[in-house]
file final13.csv (CSV, C-alpha atoms)
chain,number,residue,atom,x,y,z
A,1,MET,CA,-109.1,-9.7,50.5
A,2,PHE,CA,-105.6,-10.7,49.5
A,3,ARG,CA,-105.2,-14.0,47.8
A,4,PRO,CA,-101.8,-15.6,47.1
A,5,LEU,CA,-100.9,-16.1,43.5
A,6,ARG,CA,-100.8,-19.7,42.5
A,7,LEU,CA,-98.4,-20.4,39.6
A,8,LYS,CA,-98.9,-23.5,37.6
A,9,PRO,CA,-96.8,-24.3,34.5
A,10,PRO,CA,-98.9,-25.1,31.4
A,11,HIS,CA,-97.6,-28.7,31.3
A,12,GLY,CA,-97.2,-29.2,35.0
A,13,TRP,CA,-94.3,-29.2,37.4
A,14,ASN,CA,-93.2,-32.6,36.3
A,15,SER,CA,-92.4,-31.2,32.9
A,16,VAL,CA,-90.4,-28.4,34.4
A,17,ALA,CA,-88.4,-30.7,36.6
A,18,TRP,CA,-87.6,-32.9,33.6
A,19,GLU,CA,-86.5,-29.9,31.5
A,20,LEU,CA,-84.3,-28.7,34.3
A,21,ALA,CA,-82.8,-32.1,34.7
A,22,ILE,CA,-81.9,-32.3,31.0
A,23,VAL,CA,-80.3,-28.8,31.1
A,24,THR,CA,-78.3,-29.7,34.3
A,25,LEU,CA,-77.2,-33.0,32.8
A,26,GLY,CA,-76.1,-31.2,29.6
A,27,VAL,CA,-74.1,-28.7,31.6
A,28,LEU,CA,-72.5,-31.5,33.7
A,29,ILE,CA,-71.6,-33.4,30.5
A,30,ALA,CA,-70.0,-30.3,29.0
A,31,LEU,CA,-68.0,-29.6,32.1
A,32,ALA,CA,-66.8,-33.2,32.2
A,33,ALA,CA,-65.9,-33.2,28.6
A,34,GLN,CA,-63.9,-29.9,29.2
A,35,GLN,CA,-62.1,-31.4,32.1
A,36,ILE,CA,-61.3,-34.6,30.2
A,37,ALA,CA,-60.0,-32.5,27.2
A,38,GLY,CA,-57.9,-30.4,29.6
A,39,ALA,CA,-56.5,-33.4,31.3
A,40,LEU,CA,-55.5,-35.0,28.0
A,41,GLN,CA,-53.9,-31.7,26.9
A,42,ASN,CA,-52.0,-31.5,30.2
A,43,ARG,CA,-50.9,-35.1,29.9
A,44,GLY,CA,-49.6,-34.4,26.4
A,45,THR,CA,-47.8,-31.2,27.6
A,46,ALA,CA,-46.3,-33.1,30.5
A,47,ALA,CA,-45.0,-35.9,28.2
A,48,GLU,CA,-43.5,-33.3,25.8
A,49,THR,CA,-41.9,-31.4,28.7
A,50,ARG,CA,-40.5,-34.6,30.2
A,51,ALA,CA,-38.9,-35.6,26.9
A,52,GLU,CA,-37.4,-32.2,26.1
A,53,VAL,CA,-36.0,-31.6,29.6
A,54,THR,CA,-34.6,-35.2,29.8
A,55,ASP,CA,-32.9,-34.8,26.4
A,56,GLU,CA,-31.3,-31.6,27.5
A,57,LEU,CA,-30.1,-32.9,30.8
A,58,ASN,CA,-28.7,-36.1,29.2
A,59,SER,CA,-26.8,-33.9,26.7
A,60,ASP,CA,-25.4,-31.8,29.5
A,61,LEU,CA,-24.4,-34.9,31.4
A,62,MET,CA,-22.4,-36.0,28.3
A,63,SER,CA,-20.5,-32.7,28.6
A,64,ILE,CA,-19.7,-33.5,32.2
A,65,ALA,CA,-18.6,-37.0,31.3
A,66,LEU,CA,-16.3,-35.6,28.6
A,67,ARG,CA,-14.7,-33.3,31.2
A,68,GLN,CA,-14.2,-36.3,33.5
A,69,SER,CA,-12.4,-38.2,30.7
A,70,ILE,CA,-9.7,-35.5,30.4
A,71,GLU,CA,-9.0,-35.0,34.1
A,72,PRO,CA,-5.7,-36.9,33.8
A,73,CYS,CA,-4.5,-34.3,31.2
A,74,ILE,CA,-5.6,-31.4,33.5
A,75,GLU,CA,-4.0,-32.9,36.6
A,76,LEU,CA,-0.7,-33.5,34.6
A,77,ARG,CA,-0.6,-29.9,33.4
A,78,LEU,CA,-1.3,-28.5,36.8
A,79,ALA,CA,1.5,-30.6,38.2
A,80,GLU,CA,3.9,-29.4,35.5
A,81,LEU,CA,3.0,-25.8,36.1
A,82,ARG,CA,3.4,-26.2,39.8
A,83,ALA,CA,6.9,-27.6,39.3
A,84,ILE,CA,7.7,-24.6,37.0
A,85,VAL,CA,6.4,-22.0,39.5
A,86,THR,CA,8.2,-23.7,42.4
A,87,GLY,CA,11.5,-23.7,40.5
A,88,TRP,CA,11.0,-20.1,39.5
A,89,GLU,CA,10.5,-19.0,43.1
A,90,LYS,CA,13.7,-20.9,44.1
A,91,THR,CA,16.0,-20.0,41.3
A,92,GLY,CA,14.5,-16.9,39.7
A,93,SER,CA,14.2,-18.6,36.3
A,94,PHE,CA,12.5,-21.6,34.5
A,95,ASP,CA,12.4,-23.4,31.2
A,96,THR,CA,9.8,-21.6,29.2
A,97,PRO,CA,6.8,-23.9,28.4
A,98,LYS,CA,5.6,-23.7,24.8
A,99,TRP,CA,2.0,-24.8,25.5
A,100,VAL,CA,0.2,-24.1,28.8
A,101,SER,CA,-3.3,-24.4,27.4
A,102,GLN,CA,-6.4,-24.5,29.7
A,103,SER,CA,-9.2,-26.8,30.7
A,104,PRO,CA,-11.6,-26.8,27.8
A,105,PRO,CA,-15.1,-25.3,28.3
A,106,ILE,CA,-17.7,-27.7,27.1
A,107,GLU,CA,-21.2,-26.6,26.1
A,108,ILE,CA,-23.9,-26.7,28.7
A,109,GLU,CA,-27.5,-25.8,28.0
A,110,LEU,CA,-30.3,-25.4,30.4
A,111,SER,CA,-32.7,-23.2,28.4
A,112,ARG,CA,-35.4,-25.9,28.0
A,113,TYR,CA,-35.4,-26.6,31.7
A,114,ASP,CA,-35.5,-23.0,32.6
A,115,ALA,CA,-38.3,-22.3,30.1
A,116,ALA,CA,-40.4,-25.2,31.4
A,117,LEU,CA,-39.8,-24.0,35.0
A,118,SER,CA,-40.8,-20.4,34.3
A,119,ALA,CA,-43.8,-21.4,32.2
A,120,GLY,CA,-45.1,-23.7,34.9
A,121,ARG,CA,-44.9,-26.8,32.7
A,122,LEU,CA,-42.8,-28.6,35.2
A,123,ALA,CA,-45.7,-28.4,37.6
A,124,LEU,CA,-47.5,-30.9,35.4
A,125,LEU,CA,-45.0,-33.6,36.3
A,126,SER,CA,-45.1,-35.5,39.6
A,127,GLY,CA,-43.4,-34.0,42.6
A,128,GLU,CA,-40.7,-36.7,42.5
A,129,GLU,CA,-39.9,-36.0,38.8
A,130,GLN,CA,-39.6,-32.3,39.5
A,131,TYR,CA,-37.3,-33.0,42.4
A,132,ARG,CA,-35.0,-35.3,40.4
A,133,MET,CA,-34.8,-33.0,37.4
A,134,GLY,CA,-34.1,-30.0,39.7
A,135,ALA,CA,-31.4,-31.9,41.6
A,136,VAL,CA,-29.6,-32.9,38.3
A,137,ALA,CA,-30.1,-29.4,36.8
A,138,ALA,CA,-28.5,-27.8,40.0
A,139,ARG,CA,-25.4,-30.0,39.6
A,140,ILE,CA,-25.1,-29.2,35.9
A,141,ARG,CA,-25.5,-25.4,36.6
A,142,LYS,CA,-22.8,-25.5,39.3
A,143,PHE,CA,-20.5,-27.4,36.9
A,144,ASN,CA,-21.0,-24.7,34.3
A,145,GLU,CA,-20.3,-21.9,36.7
A,146,TRP,CA,-17.0,-23.5,37.7
A,147,GLN,CA,-15.9,-24.3,34.2
A,148,PHE,CA,-16.4,-20.7,33.1
A,149,ALA,CA,-14.8,-19.3,36.3
A,150,GLU,CA,-11.6,-21.3,35.8
A,151,ARG,CA,-11.0,-19.6,32.4
A,152,VAL,CA,-9.6,-16.6,34.2
A,153,PRO,CA,-6.8,-18.3,36.2
A,154,TRP,CA,-5.8,-20.4,33.2
A,155,GLY,CA,-5.5,-17.2,31.1
A,156,ARG,CA,-3.0,-15.8,33.7
A,157,LEU,CA,-1.1,-19.1,33.8
A,158,ARG,CA,-0.5,-18.8,30.0
A,159,ALA,CA,1.7,-15.8,30.8
A,160,LEU,CA,4.4,-18.4,31.6
A,161,GLN,CA,4.8,-18.9,27.9
A,162,PHE,CA,6.5,-15.4,27.7
A,163,GLY,CA,9.4,-16.7,29.8
A,164,ALA,CA,11.0,-15.6,33.1
A,165,ALA,CA,12.8,-12.6,31.6
A,166,ALA,CA,9.5,-11.0,30.6
A,167,LEU,CA,7.8,-11.5,34.0
A,168,SER,CA,8.2,-9.5,37.2
A,169,ALA,CA,8.1,-10.4,40.8
A,170,GLN,CA,4.5,-9.2,40.9
A,171,ASP,CA,3.7,-11.5,37.9
A,172,GLN,CA,5.2,-14.3,39.9
A,173,ALA,CA,2.8,-13.7,42.8
A,174,THR,CA,-0.1,-13.4,40.4
A,175,ILE,CA,0.7,-16.6,38.6
A,176,ARG,CA,1.1,-18.5,41.9
A,177,SER,CA,-2.3,-17.3,42.9
A,178,ALA,CA,-3.8,-18.3,39.5
A,179,LEU,CA,-2.3,-21.7,39.9
A,180,GLN,CA,-3.9,-22.2,43.2
A,181,ASP,CA,-7.3,-20.9,41.8
A,182,ALA,CA,-7.1,-23.3,38.8
A,183,ALA,CA,-6.3,-26.2,41.0
A,184,THR,CA,-9.2,-25.3,43.4
A,185,PHE,CA,-11.7,-25.0,40.6
A,186,ASP,CA,-10.6,-28.3,39.1
A,187,TYR,CA,-11.0,-29.9,42.5
A,188,GLU,CA,-14.6,-28.6,42.8
A,189,VAL,CA,-15.4,-29.8,39.3
A,190,LYS,CA,-14.1,-33.3,40.1
A,191,VAL,CA,-16.1,-33.5,43.3
A,192,ASN,CA,-19.2,-32.3,41.5
A,193,THR,CA,-18.7,-34.7,38.6
A,194,SER,CA,-18.0,-37.7,40.9
A,195,GLU,CA,-21.4,-37.0,42.6
A,196,ALA,CA,-23.5,-35.8,39.7
A,197,LEU,CA,-23.1,-38.7,37.3
A,198,PRO,CA,-24.0,-41.5,39.7
A,199,MET,CA,-26.9,-39.5,41.1
A,200,ALA,CA,-28.2,-38.7,37.6
A,201,ARG,CA,-28.1,-42.4,36.8
A,202,ARG,CA,-30.1,-43.3,39.9
A,203,TYR,CA,-32.7,-40.8,38.9
A,204,GLY,CA,-33.1,-42.2,35.4
A,205,PHE,CA,-30.7,-39.9,33.5
A,206,ALA,CA,-27.6,-40.8,31.6
A,207,PRO,CA,-25.0,-39.1,29.3
A,208,ASP,CA,-26.2,-38.9,25.7
A,209,ALA,CA,-23.8,-38.0,22.9
A,210,LYS,CA,-26.4,-36.8,20.4
A,211,GLY,CA,-26.2,-33.2,21.4
A,212,PHE,CA,-22.4,-33.3,21.4
A,213,ARG,CA,-22.2,-34.8,18.0
A,214,GLU,CA,-24.4,-32.0,16.6
A,215,MET,CA,-22.2,-29.2,18.0
A,216,ALA,CA,-18.7,-30.9,18.0
A,217,PRO,CA,-17.7,-30.0,14.5
A,218,GLU,CA,-18.1,-26.3,15.4
A,219,VAL,CA,-15.4,-26.7,18.1
A,220,TRP,CA,-13.3,-29.7,17.4
A,221,PRO,CA,-11.9,-30.6,14.0
A,222,GLY,CA,-13.7,-33.5,12.5
A,223,GLY,CA,-16.1,-33.5,15.4
A,224,LYS,CA,-13.7,-35.4,17.6
A,225,PHE,CA,-13.1,-34.4,21.2
A,226,THR,CA,-9.4,-33.4,21.0
A,227,PRO,CA,-8.8,-30.9,23.8
A,228,SER,CA,-5.5,-29.0,23.4
A,229,ILE,CA,-4.6,-29.4,27.1
A,230,CYS,CA,-3.8,-33.1,26.3
A,231,ALA,CA,-1.0,-31.9,24.0
A,232,SER,CA,2.4,-32.0,25.5
A,233,ILE,CA,3.6,-28.8,27.3
A,234,ASP,CA,6.5,-28.7,24.8
A,235,THR,CA,4.1,-28.7,21.8
A,236,PRO,CA,4.5,-25.6,19.6
A,237,PRO,CA,1.3,-23.4,19.8
A,238,GLU,CA,0.6,-23.7,16.0
A,239,ASP,CA,0.5,-27.5,16.3
A,240,ALA,CA,-1.5,-27.6,19.6
A,241,ASN,CA,-4.1,-25.2,18.1
A,242,LYS,CA,-4.8,-27.7,15.3
A,243,ARG,CA,-6.7,-29.6,17.9
A,244,VAL,CA,-9.5,-27.0,18.0
A,245,VAL,CA,-11.5,-25.0,15.5
A,246,ILE,CA,-10.9,-21.6,17.3
A,247,PRO,CA,-7.2,-21.2,18.3
A,248,LEU,CA,-6.5,-20.5,21.9
A,249,PRO,CA,-4.7,-17.1,22.4
A,250,LEU,CA,-1.6,-16.8,24.5

call {"tool": "encode", "arguments": {"input": "final13.csv", "output": "C-alpha cells"}}
result
Amino acid sequence: MFRPLRLKPPHGWNSVAWELAIVTLGVLIALAAQQIAGALQNRGTAAETRAEVTDELNSDLMSIALRQSIEPCIELRLAELRAIVTGWEKTGSFDTPKWVSQSPPIEIELSRYDAALSAGRLALLSGEEQYRMGAVAARIRKFNEWQFAERVPWGRLRALQFGAAALSAQDQATIRSALQDAATFDYEVKVNTSEALPMARRYGFAPDAKGFREMAPEVWPGGKFTPSICASIDTPPEDANKRVVIPLPL
C-alpha cells in the first residue's frame, strides 16, 4: 500500500521559515543598497552634466552677445556697400573701397551638449531642464549655421576692393546677389539673437565671458574683441588686419 512521504526538517518548519526570512531580508537589503548607490551615482552624473552643459551654453551665449554688440558696424558696412553697388550700376564705376572686411565668425561649441545627449546623460535631468537646454542649444546651433554661411557672400563682396576696372558685368551681378545674401543672413542672425538671449535668461542661462577670455588671444590681439569690420571702409588692409591675429584675405 502506497504511503505518502512525510518530510520534516531536523529542526522543524519554524526554523526553515526563519532561515528563509533571513535570506530574503538580506537579498532585499542588498537590492535596496544597490538602488541607493545607483541613485546617488545618477544624481552625481546629473549634477556634473548640468554644470558642464550650462557652462558650454553660457559661453556660446557670450559669443552671440558679442555678435550683437557689433551689429552697428555690420549694418554700416552693408549700407556703404549698397551705396557703392547702386552707384556702380548707375554710372559704371565707383570709388574703390580699401577695406570691405566681413562679419567676424565667433567660436561656438556644442560638443558637451551633443555628447551628453548621445550618451543618454541628459535623460538624468528633469523633463523641463532637458527642454530648456534643448531650446537654447537649437538657437545657438542655428546662429552658428548662419554665421558660417555668411562667409561666402562676404568673400564675394571683397572683390570690390579690386576696383571697377577689374570687374565685369557678370561680377556686378554676382556682387549684387552676394550683397543681398549677406544682408539676409545678417537679418536672420539679428532676429535669432533678439529672441535667443532673452529666452536663455528666462530659462536660467546667461552670457559668460570665461570661455571667450580663454580663446580670445588666439583670435584677437591682446585678447580684446576688435573685429576688423568696425574699421573704416577707407582703412588700408595692412592696418585693418592688425585688429586680428590671422589676417583676412582679399

call {"tool": "closest_residue", "arguments": {"input": "final13.csv", "among": "A:Asp171, A:Asp181, A:Asp114, A:Asp208", "to": "Met133 of chain A", "atoms": "all atoms listed in the file"}}
result
A:Asp114

call {"tool": "atom_distance", "arguments": {"input": "final13.csv", "atom1": "atom CA of Pro227 of chain A", "atom2": "atom CA of Pro104 of chain A"}}
result
6.4 Å

call {"tool": "residues_around", "arguments": {"input": "final13.csv", "residues": "Phe143 of chain A", "least_positions_apart": "6", "cutoff": "9 Å", "atoms": "only C-alpha atoms", "output": "PyMOL selection string"}}
result
chain A and resi 64+108+188-189+192-193

call {"tool": "write_last_selection", "arguments": {"input": "final13.csv", "atoms": "C-alpha atoms", "output": "PDB file, in the coordinates of the input"}}
result
ATOM      1  CA  ILE A  64     -19.700 -33.500  32.200  1.00  0.00           C
ATOM      2  CA  ILE A 108     -23.900 -26.700  28.700  1.00  0.00           C
ATOM      3  CA  GLU A 188     -14.600 -28.600  42.800  1.00  0.00           C
ATOM      4  CA  VAL A 189     -15.400 -29.800  39.300  1.00  0.00           C
ATOM      5  CA  ASN A 192     -19.200 -32.300  41.500  1.00  0.00           C
ATOM      6  CA  THR A 193     -18.700 -34.700  38.600  1.00  0.00           C
TER       7      THR A 193
END

call {"tool": "atom_distance", "arguments": {"input": "final13.csv", "atom1": "atom CA of Lys190 of chain A", "atom2": "atom CA of Glu71 of chain A"}}
result
8.1 Å

call {"tool": "atom_distance", "arguments": {"input": "final13.csv", "atom1": "atom CA of Val219 of chain A", "atom2": "atom CA of Ile140 of chain A"}}
result
20.4 Å

call {"tool": "closest_residue", "arguments": {"input": "final13.csv", "among": "A:Lys142, A:Arg156, A:Arg67, A:Lys98", "to": "Asp239 of chain A", "atoms": "all atoms listed in the file"}}
result
A:Lys98

call {"tool": "residues_around", "arguments": {"input": "final13.csv", "residues": "Leu66 of chain A", "least_positions_apart": "6", "cutoff": "12 Å", "atoms": "all atoms listed in the file", "output": "JSON, numbers by chain"}}
result
{"A": [59, 60, 72, 103, 104, 105, 106, 107, 108, 190, 193, 197, 207, 208, 209, 212, 216, 224, 225, 226, 227]}

call {"tool": "write_last_selection", "arguments": {"input": "final13.csv", "atoms": "C-alpha atoms", "output": "short mmCIF file (atom, residue, chain, number, x, y, z; two decimals), keeping the file's coordinate frame"}}
result
data_model
loop_
_atom_site.label_atom_id
_atom_site.label_comp_id
_atom_site.auth_asym_id
_atom_site.auth_seq_id
_atom_site.Cartn_x
_atom_site.Cartn_y
_atom_site.Cartn_z
CA SER A 59 -26.80 -33.90 26.70
CA ASP A 60 -25.40 -31.80 29.50
CA PRO A 72 -5.70 -36.90 33.80
CA SER A 103 -9.20 -26.80 30.70
CA PRO A 104 -11.60 -26.80 27.80
CA PRO A 105 -15.10 -25.30 28.30
CA ILE A 106 -17.70 -27.70 27.10
CA GLU A 107 -21.20 -26.60 26.10
CA ILE A 108 -23.90 -26.70 28.70
CA LYS A 190 -14.10 -33.30 40.10
CA THR A 193 -18.70 -34.70 38.60
CA LEU A 197 -23.10 -38.70 37.30
CA PRO A 207 -25.00 -39.10 29.30
CA ASP A 208 -26.20 -38.90 25.70
CA ALA A 209 -23.80 -38.00 22.90
CA PHE A 212 -22.40 -33.30 21.40
CA ALA A 216 -18.70 -30.90 18.00
CA LYS A 224 -13.70 -35.40 17.60
CA PHE A 225 -13.10 -34.40 21.20
CA THR A 226 -9.40 -33.40 21.00
CA PRO A 227 -8.80 -30.90 23.80
#

call {"tool": "closest_atom_pairs", "arguments": {"input": "final13.csv", "of": "segment 157-222 of chain A", "to": "segment 232-238 of chain A", "cutoff": "12 Å", "atoms": "only C-alpha atoms", "output": "JSON lines"}}
result
{"residue": "A:Arg158", "atom": "CA", "partner": "A:Ile233", "partner_atom": "CA", "distance": 11.1}
{"residue": "A:Leu160", "atom": "CA", "partner": "A:Ile233", "partner_atom": "CA", "distance": 11.3}
{"residue": "A:Gln161", "atom": "CA", "partner": "A:Pro237", "partner_atom": "CA", "distance": 9.9}

call {"tool": "closest_residue", "arguments": {"input": "final13.csv", "among": "A:Ala47, A:Met62, A:Ala200, A:Val85", "to": "Ala173 of chain A", "atoms": "only C-alpha atoms"}}
result
A:Val85

call {"tool": "decode", "arguments": {"input": "final13.csv", "residues": "segment 135-147 of chain A", "atoms": "all heavy atoms", "output": "PDB file, in the first residue's frame"}}
result
ATOM      1  N   ALA A 135      16.148  73.879 -26.155  1.00  0.00           N
ATOM      2  CA  ALA A 135      15.672  75.081 -26.838  1.00  0.00           C
ATOM      3  C   ALA A 135      16.807  76.078 -27.037  1.00  0.00           C
ATOM      4  O   ALA A 135      16.959  76.681 -28.112  1.00  0.00           O
ATOM      5  CB  ALA A 135      14.536  75.720 -26.036  1.00  0.00           C
ATOM      6  N   VAL A 136      17.617  76.271 -26.007  1.00  0.00           N
ATOM      7  CA  VAL A 136      18.747  77.203 -26.108  1.00  0.00           C
ATOM      8  C   VAL A 136      19.790  76.667 -27.094  1.00  0.00           C
ATOM      9  O   VAL A 136      20.325  77.411 -27.927  1.00  0.00           O
ATOM     10  CB  VAL A 136      19.378  77.436 -24.725  1.00  0.00           C
ATOM     11  CG1 VAL A 136      20.644  78.279 -24.844  1.00  0.00           C
ATOM     12  CG2 VAL A 136      18.380  78.120 -23.794  1.00  0.00           C
ATOM     13  N   ALA A 137      20.079  75.367 -27.010  1.00  0.00           N
ATOM     14  CA  ALA A 137      21.064  74.762 -27.926  1.00  0.00           C
ATOM     15  C   ALA A 137      20.616  74.887 -29.375  1.00  0.00           C
ATOM     16  O   ALA A 137      21.444  75.112 -30.272  1.00  0.00           O
ATOM     17  CB  ALA A 137      21.284  73.301 -27.564  1.00  0.00           C
ATOM     18  N   ALA A 138      19.320  74.762 -29.628  1.00  0.00           N
ATOM     19  CA  ALA A 138      18.811  74.875 -31.000  1.00  0.00           C
ATOM     20  C   ALA A 138      19.034  76.279 -31.551  1.00  0.00           C
ATOM     21  O   ALA A 138      19.408  76.455 -32.718  1.00  0.00           O
ATOM     22  CB  ALA A 138      17.320  74.524 -31.025  1.00  0.00           C
ATOM     23  N   ARG A 139      18.819  77.292 -30.719  1.00  0.00           N
ATOM     24  CA  ARG A 139      19.046  78.677 -31.148  1.00  0.00           C
ATOM     25  C   ARG A 139      20.526  78.919 -31.432  1.00  0.00           C
ATOM     26  O   ARG A 139      20.893  79.573 -32.408  1.00  0.00           O
ATOM     27  CB  ARG A 139      18.564  79.638 -30.057  1.00  0.00           C
ATOM     28  CG  ARG A 139      17.070  79.653 -29.867  1.00  0.00           C
ATOM     29  CD  ARG A 139      16.392  80.456 -30.949  1.00  0.00           C
ATOM     30  NE  ARG A 139      14.966  80.567 -30.716  1.00  0.00           N
ATOM     31  CZ  ARG A 139      14.150  81.307 -31.432  1.00  0.00           C
ATOM     32  NH1 ARG A 139      14.625  81.996 -32.454  1.00  0.00           N
ATOM     33  NH2 ARG A 139      12.858  81.348 -31.178  1.00  0.00           N
ATOM     34  N   ILE A 140      21.371  78.390 -30.562  1.00  0.00           N
ATOM     35  CA  ILE A 140      22.817  78.561 -30.732  1.00  0.00           C
ATOM     36  C   ILE A 140      23.289  77.873 -32.008  1.00  0.00           C
ATOM     37  O   ILE A 140      24.096  78.413 -32.773  1.00  0.00           O
ATOM     38  CB  ILE A 140      23.563  78.008 -29.501  1.00  0.00           C
ATOM     39  CG1 ILE A 140      23.273  78.887 -28.281  1.00  0.00           C
ATOM     40  CG2 ILE A 140      25.063  77.918 -29.769  1.00  0.00           C
ATOM     41  CD1 ILE A 140      23.778  78.313 -26.975  1.00  0.00           C
ATOM     42  N   ARG A 141      22.784  76.673 -32.247  1.00  0.00           N
ATOM     43  CA  ARG A 141      23.191  75.918 -33.432  1.00  0.00           C
ATOM     44  C   ARG A 141      22.780  76.656 -34.711  1.00  0.00           C
ATOM     45  O   ARG A 141      23.541  76.711 -35.687  1.00  0.00           O
ATOM     46  CB  ARG A 141      22.571  74.522 -33.399  1.00  0.00           C
ATOM     47  CG  ARG A 141      23.279  73.517 -34.317  1.00  0.00           C
ATOM     48  CD  ARG A 141      22.579  72.170 -34.285  1.00  0.00           C
ATOM     49  NE  ARG A 141      22.459  71.621 -32.964  1.00  0.00           N
ATOM     50  CZ  ARG A 141      23.435  70.950 -32.330  1.00  0.00           C
ATOM     51  NH1 ARG A 141      24.594  70.793 -32.911  1.00  0.00           N
ATOM     52  NH2 ARG A 141      23.238  70.475 -31.119  1.00  0.00           N
ATOM     53  N   LYS A 142      21.588  77.217 -34.720  1.00  0.00           N
ATOM     54  CA  LYS A 142      21.124  77.952 -35.902  1.00  0.00           C
ATOM     55  C   LYS A 142      21.982  79.207 -36.117  1.00  0.00           C
ATOM     56  O   LYS A 142      22.345  79.535 -37.257  1.00  0.00           O
ATOM     57  CB  LYS A 142      19.654  78.333 -35.738  1.00  0.00           C
ATOM     58  CG  LYS A 142      19.060  79.052 -36.934  1.00  0.00           C
ATOM     59  CD  LYS A 142      19.203  78.256 -38.216  1.00  0.00           C
ATOM     60  CE  LYS A 142      18.395  76.990 -38.211  1.00  0.00           C
ATOM     61  NZ  LYS A 142      18.468  76.292 -39.516  1.00  0.00           N
ATOM     62  N   PHE A 143      22.317  79.899 -35.037  1.00  0.00           N
ATOM     63  CA  PHE A 143      23.197  81.064 -35.139  1.00  0.00           C
ATOM     64  C   PHE A 143      24.517  80.673 -35.770  1.00  0.00           C
ATOM     65  O   PHE A 143      25.041  81.372 -36.643  1.00  0.00           O
ATOM     66  CB  PHE A 143      23.430  81.655 -33.742  1.00  0.00           C
ATOM     67  CG  PHE A 143      24.552  82.660 -33.686  1.00  0.00           C
ATOM     68  CD1 PHE A 143      24.344  83.979 -34.054  1.00  0.00           C
ATOM     69  CD2 PHE A 143      25.824  82.277 -33.269  1.00  0.00           C
ATOM     70  CE1 PHE A 143      25.382  84.901 -34.008  1.00  0.00           C
ATOM     71  CE2 PHE A 143      26.864  83.193 -33.228  1.00  0.00           C
ATOM     72  CZ  PHE A 143      26.644  84.507 -33.590  1.00  0.00           C
ATOM     73  N   ASN A 144      25.071  79.553 -35.338  1.00  0.00           N
ATOM     74  CA  ASN A 144      26.360  79.107 -35.859  1.00  0.00           C
ATOM     75  C   ASN A 144      26.269  78.764 -37.342  1.00  0.00           C
ATOM     76  O   ASN A 144      27.181  79.055 -38.118  1.00  0.00           O
ATOM     77  CB  ASN A 144      26.848  77.892 -35.077  1.00  0.00           C
ATOM     78  CG  ASN A 144      28.341  77.698 -35.176  1.00  0.00           C
ATOM     79  OD1 ASN A 144      29.106  78.646 -35.217  1.00  0.00           O
ATOM     80  ND2 ASN A 144      28.769  76.451 -35.230  1.00  0.00           N
ATOM     81  N   GLU A 145      25.159  78.158 -37.750  1.00  0.00           N
ATOM     82  CA  GLU A 145      24.976  77.827 -39.162  1.00  0.00           C
ATOM     83  C   GLU A 145      24.954  79.092 -40.007  1.00  0.00           C
ATOM     84  O   GLU A 145      25.569  79.146 -41.086  1.00  0.00           O
ATOM     85  CB  GLU A 145      23.668  77.047 -39.340  1.00  0.00           C
ATOM     86  CG  GLU A 145      23.701  75.638 -38.757  1.00  0.00           C
ATOM     87  CD  GLU A 145      22.348  74.952 -38.831  1.00  0.00           C
ATOM     88  OE1 GLU A 145      21.394  75.562 -39.372  1.00  0.00           O
ATOM     89  OE2 GLU A 145      22.236  73.820 -38.335  1.00  0.00           O
ATOM     90  N   TRP A 146      24.257  80.106 -39.537  1.00  0.00           N
ATOM     91  CA  TRP A 146      24.152  81.350 -40.302  1.00  0.00           C
ATOM     92  C   TRP A 146      25.478  82.091 -40.347  1.00  0.00           C
ATOM     93  O   TRP A 146      25.846  82.654 -41.387  1.00  0.00           O
ATOM     94  CB  TRP A 146      23.067  82.240 -39.711  1.00  0.00           C
ATOM     95  CG  TRP A 146      21.693  81.831 -40.122  1.00  0.00           C
ATOM     96  CD1 TRP A 146      21.317  81.304 -41.328  1.00  0.00           C
ATOM     97  CD2 TRP A 146      20.500  81.905 -39.343  1.00  0.00           C
ATOM     98  NE1 TRP A 146      19.973  81.048 -41.350  1.00  0.00           N
ATOM     99  CE2 TRP A 146      19.428  81.406 -40.138  1.00  0.00           C
ATOM    100  CE3 TRP A 146      20.207  82.328 -38.051  1.00  0.00           C
ATOM    101  CZ2 TRP A 146      18.124  81.338 -39.683  1.00  0.00           C
ATOM    102  CZ3 TRP A 146      18.895  82.255 -37.600  1.00  0.00           C
ATOM    103  CH2 TRP A 146      17.878  81.770 -38.413  1.00  0.00           C
ATOM    104  N   GLN A 147      26.208  82.128 -39.227  1.00  0.00           N
ATOM    105  CA  GLN A 147      27.459  82.890 -39.237  1.00  0.00           C
ATOM    106  C   GLN A 147      28.511  82.221 -40.124  1.00  0.00           C
ATOM    107  O   GLN A 147      29.386  82.900 -40.658  1.00  0.00           O
ATOM    108  CB  GLN A 147      27.982  83.120 -37.818  1.00  0.00           C
ATOM    109  CG  GLN A 147      28.634  81.932 -37.150  1.00  0.00           C
ATOM    110  CD  GLN A 147      29.508  82.343 -35.964  1.00  0.00           C
ATOM    111  OE1 GLN A 147      29.808  83.522 -35.757  1.00  0.00           O
ATOM    112  NE2 GLN A 147      29.919  81.374 -35.165  1.00  0.00           N
TER     113      GLN A 147
END
